[in-house]
$ cat upload.txt   # compact mmCIF, C-alpha atoms
# COMPACT_ATOMS: atom_id res chain seq x y z
CA MET A 22 5.39 10.52 -51.21
CA ARG A 23 4.71 14.14 -50.58
CA LEU A 24 4.27 15.54 -47.13
CA ARG A 25 0.58 16.14 -47.61
CA ASP A 26 0.09 12.41 -48.03
CA ALA A 27 0.98 12.08 -44.36
CA ALA A 28 -2.15 14.11 -43.55
CA LEU A 29 -4.36 11.09 -44.22
CA PRO A 30 -2.80 8.71 -41.66
CA ILE A 31 -2.59 11.52 -39.10
CA SER A 32 -6.24 12.47 -39.52
CA GLY A 33 -7.04 8.76 -39.35
CA MET A 34 -5.35 8.54 -35.98
CA ILE A 35 -7.13 11.64 -34.68
CA LEU A 36 -10.44 10.22 -35.91
CA GLY A 37 -9.71 6.93 -34.16
CA LEU A 38 -8.82 8.79 -30.97
CA GLY A 39 -12.04 10.77 -31.14
CA VAL A 40 -14.21 7.75 -31.90
CA GLY A 41 -12.45 5.81 -29.14
CA VAL A 42 -12.83 8.45 -26.45
CA PHE A 43 -16.44 9.11 -27.45
CA GLY A 44 -17.31 5.43 -27.76
CA PHE A 45 -15.71 4.30 -24.53
CA ARG A 46 -17.43 7.08 -22.63
CA ASN A 47 -20.88 6.81 -24.14
CA PHE A 48 -21.22 3.06 -24.38
CA HIS A 49 -19.63 2.49 -20.97
CA ILE A 50 -17.04 0.08 -22.24
CA HIS A 51 -14.60 -0.43 -19.41
CA ILE A 52 -11.32 -2.17 -19.92
CA PRO A 53 -10.09 -3.69 -16.65
CA PRO A 54 -7.27 -1.55 -15.20
CA ASP A 55 -5.09 -4.67 -14.96
CA TYR A 56 -4.83 -4.67 -18.74
CA ALA A 57 -3.52 -1.10 -18.93
CA PRO A 58 0.17 -2.10 -19.32
CA TYR A 59 -0.65 -4.52 -22.15
CA LEU A 60 -2.78 -1.93 -23.87
CA SER A 61 -0.04 0.68 -23.86
CA LEU A 62 2.34 -1.90 -25.34
CA ALA A 63 -0.19 -2.61 -28.08
CA ALA A 64 -0.36 1.13 -28.78
CA LEU A 65 3.42 1.24 -29.04
CA ALA A 66 3.44 -1.70 -31.46
CA ALA A 67 0.77 -0.02 -33.60
CA LEU A 68 2.80 3.20 -33.65
CA ASP A 69 5.85 1.21 -34.73
CA THR A 70 3.85 -0.38 -37.55
CA VAL A 71 2.67 3.00 -38.80
CA PHE A 72 6.21 4.37 -38.86
CA GLY A 73 7.52 1.21 -40.48
CA GLY A 74 4.82 1.41 -43.14
CA LEU A 75 5.58 5.07 -43.84
CA ARG A 76 9.24 4.30 -44.27
CA ALA A 77 8.59 1.30 -46.51
CA GLY A 78 6.23 3.43 -48.59
CA LEU A 79 8.91 6.08 -48.97
CA GLU A 80 11.44 3.51 -50.10
CA GLY A 81 8.90 2.02 -52.49
CA ARG A 82 9.11 -1.32 -50.77
CA PHE A 83 5.64 -1.37 -49.23
CA GLN A 84 3.97 -4.78 -49.24
CA ASN A 85 0.41 -5.33 -48.04
CA ASP A 86 0.91 -8.75 -46.49
CA ILE A 87 4.06 -7.82 -44.59
CA PHE A 88 2.42 -4.67 -43.29
CA ALA A 89 -0.81 -6.32 -42.11
CA SER A 90 0.81 -9.40 -40.60
CA GLY A 91 3.47 -7.28 -38.93
CA PHE A 92 0.85 -5.09 -37.32
CA VAL A 93 -1.16 -7.99 -35.91
CA LEU A 94 1.79 -10.15 -34.83
CA ASN A 95 3.87 -7.34 -33.33
CA THR A 96 0.93 -6.10 -31.29
CA LEU A 97 0.12 -9.59 -30.06
CA LEU A 98 3.76 -10.45 -29.33
CA ALA A 99 4.38 -7.26 -27.36
CA SER A 100 1.29 -7.80 -25.20
CA THR A 101 1.97 -11.51 -24.79
CA LEU A 102 5.55 -10.86 -23.74
CA ALA A 103 4.37 -8.47 -21.05
CA TRP A 104 1.76 -10.97 -19.88
CA VAL A 105 4.21 -13.87 -19.75
CA GLY A 106 6.74 -11.63 -17.99
CA ASP A 107 4.16 -10.80 -15.33
CA GLY A 108 3.68 -14.52 -14.77
CA LEU A 109 7.41 -15.15 -14.55
CA GLY A 110 8.08 -12.12 -12.38
CA ILE A 111 10.35 -10.47 -14.98
CA ASN A 112 9.30 -7.27 -16.68
CA LEU A 113 9.46 -8.69 -20.21
CA GLY A 114 7.36 -5.78 -21.45
CA LEU A 115 10.57 -3.76 -21.25
CA VAL A 116 11.96 -5.88 -24.10
CA ALA A 117 9.11 -4.84 -26.35
CA VAL A 118 9.37 -1.21 -25.25
CA LEU A 119 13.10 -1.17 -25.96
CA VAL A 120 12.92 -2.86 -29.38
CA LEU A 121 9.85 -0.99 -30.62
CA GLY A 122 11.15 2.31 -29.28
CA SER A 123 14.52 1.97 -30.96
CA ARG A 124 12.82 0.97 -34.21
CA LEU A 125 10.67 4.08 -34.02
CA PHE A 126 13.77 6.26 -33.81
CA ASN A 127 15.47 4.25 -36.53
CA ASN A 128 12.55 4.61 -38.92
CA LEU A 129 12.19 8.29 -38.19
CA SER A 130 15.88 8.92 -38.89
CA LEU A 131 15.69 6.98 -42.18
CA MET A 132 12.67 9.03 -43.26
CA ARG A 133 14.46 12.21 -42.34
CA ARG A 134 17.54 11.18 -44.35
CA PHE A 135 15.35 10.32 -47.30
CA TYR A 136 13.79 13.77 -47.45
CA LEU A 137 17.07 15.58 -46.87
CA ASN A 138 18.81 13.53 -49.57
CA LYS A 139 16.01 14.25 -51.98
CA ARG A 140 16.28 17.95 -51.30
CA ALA A 141 20.05 17.94 -51.77
CA LEU A 142 19.72 16.04 -55.05
CA LEU A 143 17.11 18.46 -56.33
CA LYS A 144 19.33 21.40 -55.50
CA LYS A 145 22.30 19.81 -57.25
CA GLN A 146 20.20 19.15 -60.34
CA GLN A 147 18.99 22.72 -60.48
CA GLU A 148 22.54 24.00 -60.17
CA GLU A 149 23.70 21.74 -62.99
CA GLU A 150 20.83 22.85 -65.20
CA ALA A 151 21.62 26.46 -64.46
CA VAL A 152 25.23 25.93 -65.40
CA GLN A 153 24.16 24.17 -68.60
CA THR A 154 21.77 26.91 -69.66
CA LEU A 155 24.44 29.46 -68.83
CA GLN A 156 26.93 27.64 -71.03
CA THR A 157 24.52 27.18 -73.97
CA SER A 158 23.16 30.73 -73.89
CA SER A 159 26.51 32.46 -73.57
CA PRO A 160 28.30 33.09 -76.86
CA ALA A 161 31.34 30.89 -77.28
CA MET B 17 17.52 8.68 -60.06
CA THR B 18 17.97 6.84 -56.77
CA VAL B 19 16.99 3.48 -55.35
CA TYR B 20 14.00 5.25 -53.81
CA SER B 21 11.29 5.52 -56.37
CA THR B 22 9.13 8.32 -55.08
CA GLY B 23 6.76 8.44 -57.95
CA PHE B 24 4.79 5.48 -56.65
CA HIS B 25 1.73 5.39 -58.87
CA HIS B 26 -0.69 3.45 -56.73
CA ARG B 27 -0.89 4.85 -53.22
CA SER B 28 -2.95 2.08 -51.65
CA TYR B 29 -0.47 1.90 -48.82
CA ILE B 30 -1.54 5.33 -47.67
CA TRP B 31 -5.00 3.97 -47.09
CA GLN B 32 -3.67 1.00 -45.21
CA LEU B 33 -1.56 3.30 -43.10
CA THR B 34 -4.67 5.34 -42.41
CA LEU B 35 -6.55 2.23 -41.32
CA VAL B 36 -3.79 1.17 -38.94
CA SER B 37 -3.52 4.73 -37.66
CA PHE B 38 -7.23 4.61 -36.94
CA VAL B 39 -6.75 1.43 -34.93
CA LEU B 40 -3.80 3.07 -33.18
CA GLY B 41 -6.09 5.96 -32.25
CA LEU B 42 -8.64 3.52 -30.83
CA ILE B 43 -5.99 1.76 -28.75
CA LEU B 44 -4.65 5.11 -27.53
CA ALA B 45 -8.16 6.17 -26.52
CA ALA B 46 -8.58 2.93 -24.61
CA THR B 47 -5.22 3.44 -22.91
CA ILE B 48 -6.06 7.00 -21.93
CA GLN B 49 -9.44 5.96 -20.62
CA THR B 50 -7.99 3.10 -18.59
CA ALA B 51 -5.20 5.28 -17.24
CA SER B 52 -7.65 7.93 -16.06
CA GLN B 53 -9.78 5.19 -14.54
CA VAL B 54 -6.75 3.84 -12.70
CA SER B 55 -5.73 7.24 -11.36
CA ARG B 56 -9.30 7.95 -10.29
CA ALA B 57 -9.72 4.65 -8.49
CA GLY B 58 -6.27 4.97 -6.99
CA ASN B 59 -5.64 1.22 -7.10
CA GLY B 60 -3.59 0.62 -10.16
CA PRO B 61 -1.93 -2.71 -10.72
CA ASP B 62 0.97 -2.87 -8.30
CA ARG B 63 3.53 -4.16 -10.73
CA GLU B 64 6.29 -3.77 -8.20
CA GLY B 65 4.27 -5.56 -5.56
CA PHE B 66 5.38 -3.00 -3.01
CA VAL B 67 2.47 -1.26 -1.42
CA PHE B 68 4.13 1.80 0.06
CA GLY B 69 6.33 2.37 -2.96
CA SER B 70 3.38 3.00 -5.23
CA GLY B 71 1.98 6.49 -5.29
CA SER B 72 -1.59 5.38 -5.95
CA SER B 73 -1.73 3.11 -2.90
CA ALA B 74 -0.28 5.84 -0.74
CA ALA B 75 -2.89 8.26 -2.06
CA MET B 76 -5.63 5.76 -1.25
CA PHE B 77 -4.20 5.35 2.25
CA THR B 78 -4.34 9.09 2.94
CA ASP B 79 -7.83 9.27 1.41
CA LEU B 80 -9.10 6.52 3.68
CA ASN B 81 -7.41 8.13 6.66
CA LYS B 82 -9.19 11.40 5.88
CA GLN B 83 -12.48 9.53 5.61
CA ILE B 84 -11.89 7.88 8.97
CA HIS B 85 -11.23 11.22 10.60
CA SER B 86 -14.32 12.85 9.15
CA LEU B 87 -16.48 9.89 10.11
CA GLN B 88 -15.08 9.94 13.63
CA SER B 89 -15.83 13.61 14.07
CA GLU B 90 -19.32 13.04 12.68
CA ASN B 91 -19.74 10.19 15.12
CA SER B 92 -18.84 12.27 18.15
CA HIS B 93 -21.03 15.08 16.88
CA LEU B 94 -24.01 12.75 16.59
CA ARG B 95 -23.33 11.34 20.04
CA ARG B 96 -23.36 14.85 21.52
CA ASN B 97 -26.67 15.47 19.76
CA THR B 98 -28.14 12.32 21.24
CA GLN B 99 -27.05 13.37 24.69
CA LYS B 100 -28.58 16.80 24.21
CA LEU B 101 -31.89 15.25 23.15
CA ASN B 102 -31.79 12.86 26.09
CA ASP B 103 -31.23 15.79 28.43
CA GLN B 104 -34.20 17.62 26.95
CA ILE B 105 -36.47 14.62 27.43
CA ALA B 106 -35.19 14.13 30.96
CA ASN B 107 -36.02 17.70 31.90
CA ARG B 108 -39.70 17.05 31.25
CA THR B 109 -40.43 13.85 33.16
CA GLY B 110 -39.06 12.34 36.34
CA ALA B 111 -38.91 8.77 35.09
CA ALA B 112 -37.03 9.79 32.00
CA SER B 113 -34.66 11.77 34.17
CA THR B 114 -33.75 8.63 36.13
CA LEU B 115 -33.33 6.67 32.92
CA ASN B 116 -31.18 9.40 31.46
CA GLN B 117 -28.97 9.42 34.54
CA GLU B 118 -28.53 5.65 34.20
CA LEU B 119 -27.74 6.04 30.53
CA LEU B 120 -25.14 8.67 31.31
CA ASP B 121 -23.56 6.44 33.95
CA ALA B 122 -23.38 3.57 31.47
CA GLN B 123 -21.90 5.84 28.82
CA GLU B 124 -19.36 7.20 31.26
CA PHE B 125 -18.35 3.69 32.25
CA ALA B 126 -18.11 2.66 28.60
CA GLY B 127 -15.92 5.66 27.80
CA LEU B 128 -18.39 7.22 25.39
CA THR B 129 -18.36 10.63 27.05
CA GLU B 130 -15.65 13.19 27.55
CA VAL B 131 -14.55 13.09 31.18
CA ALA B 132 -12.47 15.36 33.38
CA GLY B 133 -10.98 14.98 36.82
CA PRO B 134 -7.78 14.74 38.84
CA GLY B 135 -5.20 12.17 37.80
CA ILE B 136 -1.73 11.56 36.50
CA GLN B 137 0.10 11.86 33.24
CA VAL B 138 2.86 9.45 32.22
CA THR B 139 5.07 10.36 29.29
CA LEU B 140 7.01 7.50 27.66
CA ASN B 141 9.77 8.30 25.22
CA ASP B 142 12.41 6.39 23.29
CA ASN B 143 15.90 6.61 24.75
CA SER B 144 17.13 9.08 22.17
CA GLY B 145 20.85 8.83 22.90
CA ALA B 146 21.08 5.04 22.60
CA GLN B 147 22.13 2.90 19.67
CA VAL B 148 19.37 0.52 18.60
CA SER B 149 20.01 -2.45 16.36
CA THR B 150 18.07 -5.62 15.70
CA ALA B 151 21.32 -7.58 16.09
CA ASN B 152 21.43 -6.72 19.78
CA PRO B 153 18.13 -7.62 21.48
CA VAL B 154 19.03 -5.77 24.68
CA SER B 155 19.38 -2.51 22.75
CA LEU B 156 15.70 -2.78 21.74
CA ASN B 157 14.85 -1.93 25.36
CA ASN B 158 15.70 1.64 24.40
CA LEU B 159 12.46 1.83 22.42
CA VAL B 160 8.95 2.13 23.79
CA HIS B 161 7.05 -0.96 22.65
CA ASP B 162 3.35 -1.67 22.41
CA ALA B 163 3.70 -4.13 25.29
CA ASP B 164 5.13 -1.35 27.51
CA ILE B 165 2.11 0.84 26.87
CA MET B 166 -0.23 -2.08 27.49
CA GLU B 167 1.47 -2.76 30.81
CA VAL B 168 1.31 0.89 31.80
CA VAL B 169 -2.42 0.94 31.01
CA ASN B 170 -2.93 -2.28 32.94
CA GLU B 171 -1.05 -0.98 36.00
CA MET B 172 -3.06 2.24 35.89
CA LYS B 173 -6.26 0.20 36.03
CA ILE B 174 -4.87 -1.80 38.97
CA SER B 175 -3.93 1.44 40.71
CA GLY B 176 -7.51 2.66 40.49
CA ALA B 177 -7.73 4.63 37.26
CA GLU B 178 -11.31 5.32 36.20
CA ALA B 179 -10.55 6.56 32.71
CA ILE B 180 -7.42 6.26 30.58
CA ALA B 181 -6.32 7.71 27.26
CA VAL B 182 -3.15 7.18 25.22
CA ASN B 183 -2.17 10.06 22.92
CA GLY B 184 -5.76 11.28 22.90
CA GLN B 185 -7.21 7.83 22.21
CA ARG B 186 -9.58 6.73 24.94
CA ILE B 187 -8.96 3.23 26.25
CA VAL B 188 -12.27 1.33 26.31
CA ASN B 189 -13.56 -2.22 26.29
CA SER B 190 -12.65 -2.80 22.63
CA SER B 191 -9.41 -0.81 22.59
CA THR B 192 -6.34 -2.24 20.93
CA ILE B 193 -2.69 -1.33 21.36
CA ARG B 194 -0.44 -2.91 18.82
CA CYS B 195 2.81 -2.50 17.00
CA VAL B 196 2.68 -1.89 13.24
CA GLY B 197 6.21 -1.51 11.92
CA PRO B 198 7.82 1.58 13.40
CA VAL B 199 4.62 3.01 14.91
CA ILE B 200 2.21 1.93 17.60
CA GLN B 201 -1.49 1.98 16.82
CA VAL B 202 -3.94 2.75 19.58
CA ASN B 203 -7.54 2.03 18.60
CA GLY B 204 -6.18 1.65 15.06
CA VAL B 205 -4.84 5.22 15.05
CA PRO B 206 -1.10 5.48 14.48
CA CYS B 207 0.80 7.19 17.31
CA ALA B 208 4.40 8.35 17.50
CA PRO B 209 6.59 8.91 20.55
CA PRO B 210 6.36 10.57 23.01
CA TYR B 211 3.43 8.45 24.19
CA ILE B 212 1.33 10.35 26.70
CA VAL B 213 -0.76 8.10 28.91
CA GLN B 214 -3.29 10.03 30.98
CA ALA B 215 -5.48 8.60 33.69
CA ILE B 216 -8.20 9.96 35.97
CA GLY B 217 -8.28 8.70 39.54
CA GLU B 218 -6.98 9.54 42.98
CA PRO B 219 -3.63 11.13 42.01
CA ASP B 220 -1.63 9.96 45.03
CA SER B 221 -2.66 6.32 44.84
CA LEU B 222 -2.17 6.33 41.08
CA TYR B 223 1.28 7.85 41.50
CA GLY B 224 2.21 5.37 44.21
CA GLY B 225 0.83 2.40 42.31
CA MET B 226 2.74 3.27 39.19
CA ASN B 227 5.96 3.74 41.17
CA LEU B 228 5.93 0.29 42.80
CA PRO B 229 9.31 -1.42 42.57
CA GLY B 230 9.40 -4.00 39.79
CA GLY B 231 6.62 -2.23 37.91
CA ILE B 232 6.86 -1.38 34.26
CA LEU B 233 7.90 2.21 34.91
CA SER B 234 10.75 1.21 37.22
CA GLN B 235 11.90 -1.33 34.62
CA MET B 236 11.95 1.33 31.92
CA SER B 237 13.69 3.79 34.24
CA GLN B 238 16.46 1.25 34.72
CA THR B 239 17.16 1.30 30.97
CA SER B 240 17.23 5.07 31.04
CA PRO B 241 15.52 7.50 33.46
CA SER B 242 14.87 9.80 30.50
CA MET B 243 12.33 7.37 29.05
CA VAL B 244 9.74 7.88 31.79
CA HIS B 245 8.23 11.07 33.11
CA MET B 246 5.27 11.05 35.49
CA VAL B 247 3.39 13.99 36.97
CA LYS B 248 0.25 14.38 39.06
CA GLU B 249 -2.38 16.56 37.46
CA LYS B 250 -5.14 18.56 39.14
CA LYS B 251 -7.32 18.28 36.10
CA VAL B 252 -7.07 15.85 33.22
CA ILE B 253 -9.53 15.97 30.33
CA LEU B 254 -9.98 12.73 28.39
CA PRO B 255 -11.85 12.61 25.07
CA ALA B 256 -14.73 10.26 24.33
CA PHE B 257 -14.11 7.04 22.44
CA SER B 258 -14.80 7.73 18.77
CA GLY B 259 -14.63 4.25 17.28
CA ASP B 260 -17.24 1.67 16.39
CA THR B 261 -19.54 0.62 19.23
CA GLN B 262 -21.90 -1.64 17.32
CA PHE B 263 -22.09 -5.31 18.27
CA HIS B 264 -22.91 -7.62 15.40
CA TYR B 265 -22.69 -11.03 17.07
CA ALA B 266 -23.17 -10.53 20.80
CA HIS B 267 -26.77 -10.15 21.97
CA ILE B 268 -28.09 -9.19 25.37
CA VAL B 269 -29.58 -12.10 27.25
CA PRO B 270 -32.82 -10.96 28.91
CA VAL B 271 -32.83 -11.13 32.70
CA GLY B 272 -34.08 -14.46 34.07
CA GLN B 273 -33.64 -16.36 30.85
CA ASP B 274 -31.34 -19.36 30.54
CA PRO B 275 -28.38 -18.07 28.54
CA LEU B 276 -27.88 -21.46 26.89
CA ALA B 277 -31.45 -21.51 25.60
CA SER B 278 -31.05 -18.24 23.79
CA THR B 279 -27.87 -19.12 21.96
CA GLY B 280 -28.10 -20.25 18.42
CA SER B 281 -31.18 -18.20 17.68
$ encode --input "upload.txt" --output "structure tokens"
Amino acid sequence: MRLRDAALPISGMILGLGVGVFGFRNFHIHIPPDYAPYLSLAALAALDTVFGGLRAGLEGRFQNDIFASGFVLNTLLASTLAWVGDGLGINLGLVAVLVLGSRLFNNLSLMRRFYLNKRALLKKQQEEEAVQTLQTSSPA
Amino acid sequence: MTVYSTGFHHRSYIWQLTLVSFVLGLILAATIQTASQVSRAGNGPDREGFVFGSGSSAAMFTDLNKQIHSLQSENSHLRRNTQKLNDQIANRTGAASTLNQELLDAQEFAGLTEVAGPGIQVTLNDNSGAQVSTANPVSLNNLVHDADIMEVVNEMKISGAEAIAVNGQRIVNSSTIRCVGPVIQVNGVPCAPPYIVQAIGEPDSLYGGMNLPGGILSQMSQTSPSMVHMVKEKKVILPAFSGDTQFHYAHIVPVGQDPLASTGS
């Protein structure tokens, strides 16, 4: 995956943001303020899914079903945990924040390693080729 | 070359990522919108369940307090206007003049007008040097309590006070003095020590009445003389009552009518 491929998901997110802000304002859709904590958890879960998907795509292990089910279930679980925690009087939403947050960092670091490794390999290859051409072209 | 095969020929996952990113954008927009709504309304969900710990509740409290103050000043302004109009009408006709005088008397009695006259001023203060702890009930005598102020007001009335105000709050028919945590509210307005109780009346009899042995002031002086300070004043100015004066349930029974017959209507 080249870096410009990342432009599509990013523009998708910006489009969604724009449509959301515009839509919520113009069609007077109001989400009750009590749901704000659950909503932010859902956003975090969605962000985690995007990063997870990017990483899986990079590693060539992307699978449609895992991606889609993970998105839906993670989002639901995070929000449900927070809701149940509110009922129990424990801030269970923190669990979701902690796990999803650490996974975000984890995925980002793996993606970073992937690109850096690739660059190092490429450099090594070029050096080897250069040495080879030097050896073949120079008179023995 | 490595376990990562970058040359992935079908890039359908990019489109799926885009779709999920779009949904993420929608959720973010909803979150932003809700958050701005919460901050605007100032009553976000109190997840800690602690009213004064949450910034939004505190902001709402100050907002409401500001509203109360502006409404009170508007109220007194309107009352002054009414009085001015009444005066103008009274200047034209004799009957209206009598009526206006009666109205003024009633307003004065009800505490709806600013009044001035000779009187006394009692300053109550906490005993600053003393240790106060809830473990020792006697030590709580070192604080000025709502009951102390109520007793002072009551004794002033007994001693012939015609008008009384506590920290600039006029004491009227509907006045309340109560303890809310560390502060005392007079007419619902929070007050802090020193509490200045002013009264208009004959200064000498007021002074003597308040100084009677066994009275509230002598009791407080026994705890510490520094808690009570009383002076006679040549001129005391008391503000008008600025609270609600509307009755919603009580109705005037017309003269000569059986009060029982009119109830329940």
$ residues_near_point --input "upload.txt" --point "(-0.6, 8.2, 15.1)" --cutoff "12 Å" --atoms "all atoms listed in the file" --output "PyMOL selection string"
chain B and resi 81+85+182-185+193-196+198-212
$ write_last_selection --input "upload.txt" --atoms "C-alpha atoms" --output "PDB file, in the coordinates of the input"
ATOM      1  CA  ASN B  81      -7.410   8.130   6.660  1.00  0.00           C
ATOM      2  CA  HIS B  85     -11.230  11.220  10.600  1.00  0.00           C
ATOM      3  CA  VAL B 182      -3.150   7.180  25.220  1.00  0.00           C
ATOM      4  CA  ASN B 183      -2.170  10.060  22.920  1.00  0.00           C
ATOM      5  CA  GLY B 184      -5.760  11.280  22.900  1.00  0.00           C
ATOM      6  CA  GLN B 185      -7.210   7.830  22.210  1.00  0.00           C
ATOM      7  CA  ILE B 193      -2.690  -1.330  21.360  1.00  0.00           C
ATOM      8  CA  ARG B 194      -0.440  -2.910  18.820  1.00  0.00           C
ATOM      9  CA  CYS B 195       2.810  -2.500  17.000  1.00  0.00           C
ATOM     10  CA  VAL B 196       2.680  -1.890  13.240  1.00  0.00           C
ATOM     11  CA  PRO B 198       7.820   1.580  13.400  1.00  0.00           C
ATOM     12  CA  VAL B 199       4.620   3.010  14.910  1.00  0.00           C
ATOM     13  CA  ILE B 200       2.210   1.930  17.600  1.00  0.00           C
ATOM     14  CA  GLN B 201      -1.490   1.980  16.820  1.00  0.00           C
ATOM     15  CA  VAL B 202      -3.940   2.750  19.580  1.00  0.00           C
ATOM     16  CA  ASN B 203      -7.540   2.030  18.600  1.00  0.00           C
ATOM     17  CA  GLY B 204      -6.180   1.650  15.060  1.00  0.00           C
ATOM     18  CA  VAL B 205      -4.840   5.220  15.050  1.00  0.00           C
ATOM     19  CA  PRO B 206      -1.100   5.480  14.480  1.00  0.00           C
ATOM     20  CA  CYS B 207       0.800   7.190  17.310  1.00  0.00           C
ATOM     21  CA  ALA B 208       4.400   8.350  17.500  1.00  0.00           C
ATOM     22  CA  PRO B 209       6.590   8.910  20.550  1.00  0.00           C
ATOM     23  CA  PRO B 210       6.360  10.570  23.010  1.00  0.00           C
ATOM     24  CA  TYR B 211       3.430   8.450  24.190  1.00  0.00           C
ATOM     25  CA  ILE B 212       1.330  10.350  26.700  1.00  0.00           C
TER      26      ILE B 212
END
$ interface_residues --input "upload.txt" --of "chain A" --to "chain B" --cutoff "8 Å" --atoms "all atoms listed in the file" --output "tab-separated table (two decimals) with C-alpha atoms, in the coordinates of the input"
chain	number	residue	atom	x	y	z
A	22	MET	CA	5.39	10.52	-51.21
A	26	ASP	CA	0.09	12.41	-48.03
A	27	ALA	CA	0.98	12.08	-44.36
A	29	LEU	CA	-4.36	11.09	-44.22
A	30	PRO	CA	-2.80	8.71	-41.66
A	31	ILE	CA	-2.59	11.52	-39.10
A	32	SER	CA	-6.24	12.47	-39.52
A	33	GLY	CA	-7.04	8.76	-39.35
A	34	MET	CA	-5.35	8.54	-35.98
A	35	ILE	CA	-7.13	11.64	-34.68
A	36	LEU	CA	-10.44	10.22	-35.91
A	37	GLY	CA	-9.71	6.93	-34.16
A	38	LEU	CA	-8.82	8.79	-30.97
A	39	GLY	CA	-12.04	10.77	-31.14
A	40	VAL	CA	-14.21	7.75	-31.90
A	41	GLY	CA	-12.45	5.81	-29.14
A	42	VAL	CA	-12.83	8.45	-26.45
A	45	PHE	CA	-15.71	4.30	-24.53
A	51	HIS	CA	-14.60	-0.43	-19.41
A	52	ILE	CA	-11.32	-2.17	-19.92
A	53	PRO	CA	-10.09	-3.69	-16.65
A	54	PRO	CA	-7.27	-1.55	-15.20
A	55	ASP	CA	-5.09	-4.67	-14.96
A	57	ALA	CA	-3.52	-1.10	-18.93
A	60	LEU	CA	-2.78	-1.93	-23.87
A	61	SER	CA	-0.04	0.68	-23.86
A	63	ALA	CA	-0.19	-2.61	-28.08
A	64	ALA	CA	-0.36	1.13	-28.78
A	67	ALA	CA	0.77	-0.02	-33.60
A	68	LEU	CA	2.80	3.20	-33.65
A	70	THR	CA	3.85	-0.38	-37.55
A	71	VAL	CA	2.67	3.00	-38.80
A	74	GLY	CA	4.82	1.41	-43.14
A	75	LEU	CA	5.58	5.07	-43.84
A	78	GLY	CA	6.23	3.43	-48.59
A	79	LEU	CA	8.91	6.08	-48.97
A	80	GLU	CA	11.44	3.51	-50.10
A	81	GLY	CA	8.90	2.02	-52.49
A	83	PHE	CA	5.64	-1.37	-49.23
A	85	ASN	CA	0.41	-5.33	-48.04
A	92	PHE	CA	0.85	-5.09	-37.32
$ atom_distance --input "upload.txt" --atom1 "CA of Ser191 in chain B" --atom2 "CA of Leu233 in chain B"
21.5 Å
$ closest_residue --input "upload.txt" --among "B:Glu218, B:Asp164, B:Asp260, B:Glu118" --to "Pro134 in chain B" --atoms "all atoms listed in the file"
B:Glu218
$ axis_aligned_box --input "upload.txt" --around "range 116-120 of chain B" --padding-each-side "6 Å" --output "lines of an AutoDock Vina configuration file"
center_x = -28.2
center_y = 7.5
center_z = 32.5
size_x = 18.0
size_y = 15.8
size_z = 16.0
$ atom_distance --input "upload.txt" --atom1 "CA of Arg96 in chain B" --atom2 "CA of Gln123 in chain B"
11.7 Å
$ closest_residue --input "upload.txt" --among "B:Asp121, B:Glu130, B:Glu90, B:Glu167" --to "Met226 in chain B" --atoms "all atoms listed in the file"
B:Glu167
$ atom_distance --input "upload.txt" --atom1 "CA of Gly127 in chain B" --atom2 "CA of Phe257 in chain B"
5.8 Å
$ decode --input "upload.txt" --residues "range 81-88 of chain B" --atoms "N, CA, C and O atoms" --output "PDB file, in the first residue's frame"
ATOM      1  N   ASN B  81     -27.517  33.067  39.099  1.00  0.00           N
ATOM      2  CA  ASN B  81     -27.344  34.132  40.072  1.00  0.00           C
ATOM      3  C   ASN B  81     -27.354  35.496  39.402  1.00  0.00           C
ATOM      4  O   ASN B  81     -27.970  36.443  39.876  1.00  0.00           O
ATOM      5  N   LYS B  82     -26.673  35.578  38.232  1.00  0.00           N
ATOM      6  CA  LYS B  82     -26.634  36.836  37.491  1.00  0.00           C
ATOM      7  C   LYS B  82     -28.048  37.227  37.064  1.00  0.00           C
ATOM      8  O   LYS B  82     -28.447  38.377  37.146  1.00  0.00           O
ATOM      9  N   GLN B  83     -28.788  36.219  36.593  1.00  0.00           N
ATOM     10  CA  GLN B  83     -30.165  36.474  36.161  1.00  0.00           C
ATOM     11  C   GLN B  83     -30.990  37.015  37.313  1.00  0.00           C
ATOM     12  O   GLN B  83     -31.748  37.962  37.154  1.00  0.00           O
ATOM     13  N   ILE B  84     -30.835  36.381  38.499  1.00  0.00           N
ATOM     14  CA  ILE B  84     -31.592  36.820  39.660  1.00  0.00           C
ATOM     15  C   ILE B  84     -31.290  38.285  39.953  1.00  0.00           C
ATOM     16  O   ILE B  84     -32.198  39.093  40.164  1.00  0.00           O
ATOM     17  N   HIS B  85     -30.004  38.622  39.918  1.00  0.00           N
ATOM     18  CA  HIS B  85     -29.623  39.997  40.239  1.00  0.00           C
ATOM     19  C   HIS B  85     -30.216  40.987  39.248  1.00  0.00           C
ATOM     20  O   HIS B  85     -30.733  42.035  39.633  1.00  0.00           O
ATOM     21  N   SER B  86     -30.159  40.624  37.953  1.00  0.00           N
ATOM     22  CA  SER B  86     -30.678  41.574  36.970  1.00  0.00           C
ATOM     23  C   SER B  86     -32.191  41.701  37.096  1.00  0.00           C
ATOM     24  O   SER B  86     -32.755  42.784  36.966  1.00  0.00           O
ATOM     25  N   LEU B  87     -32.855  40.579  37.385  1.00  0.00           N
ATOM     26  CA  LEU B  87     -34.310  40.642  37.546  1.00  0.00           C
ATOM     27  C   LEU B  87     -34.686  41.456  38.778  1.00  0.00           C
ATOM     28  O   LEU B  87     -35.655  42.223  38.756  1.00  0.00           O
ATOM     29  N   GLN B  88     -33.875  41.311  39.847  1.00  0.00           N
ATOM     30  CA  GLN B  88     -34.179  42.068  41.053  1.00  0.00           C
ATOM     31  C   GLN B  88     -34.012  43.560  40.822  1.00  0.00           C
ATOM     32  O   GLN B  88     -34.832  44.364  41.280  1.00  0.00           O
TER      33      GLN B  88
END
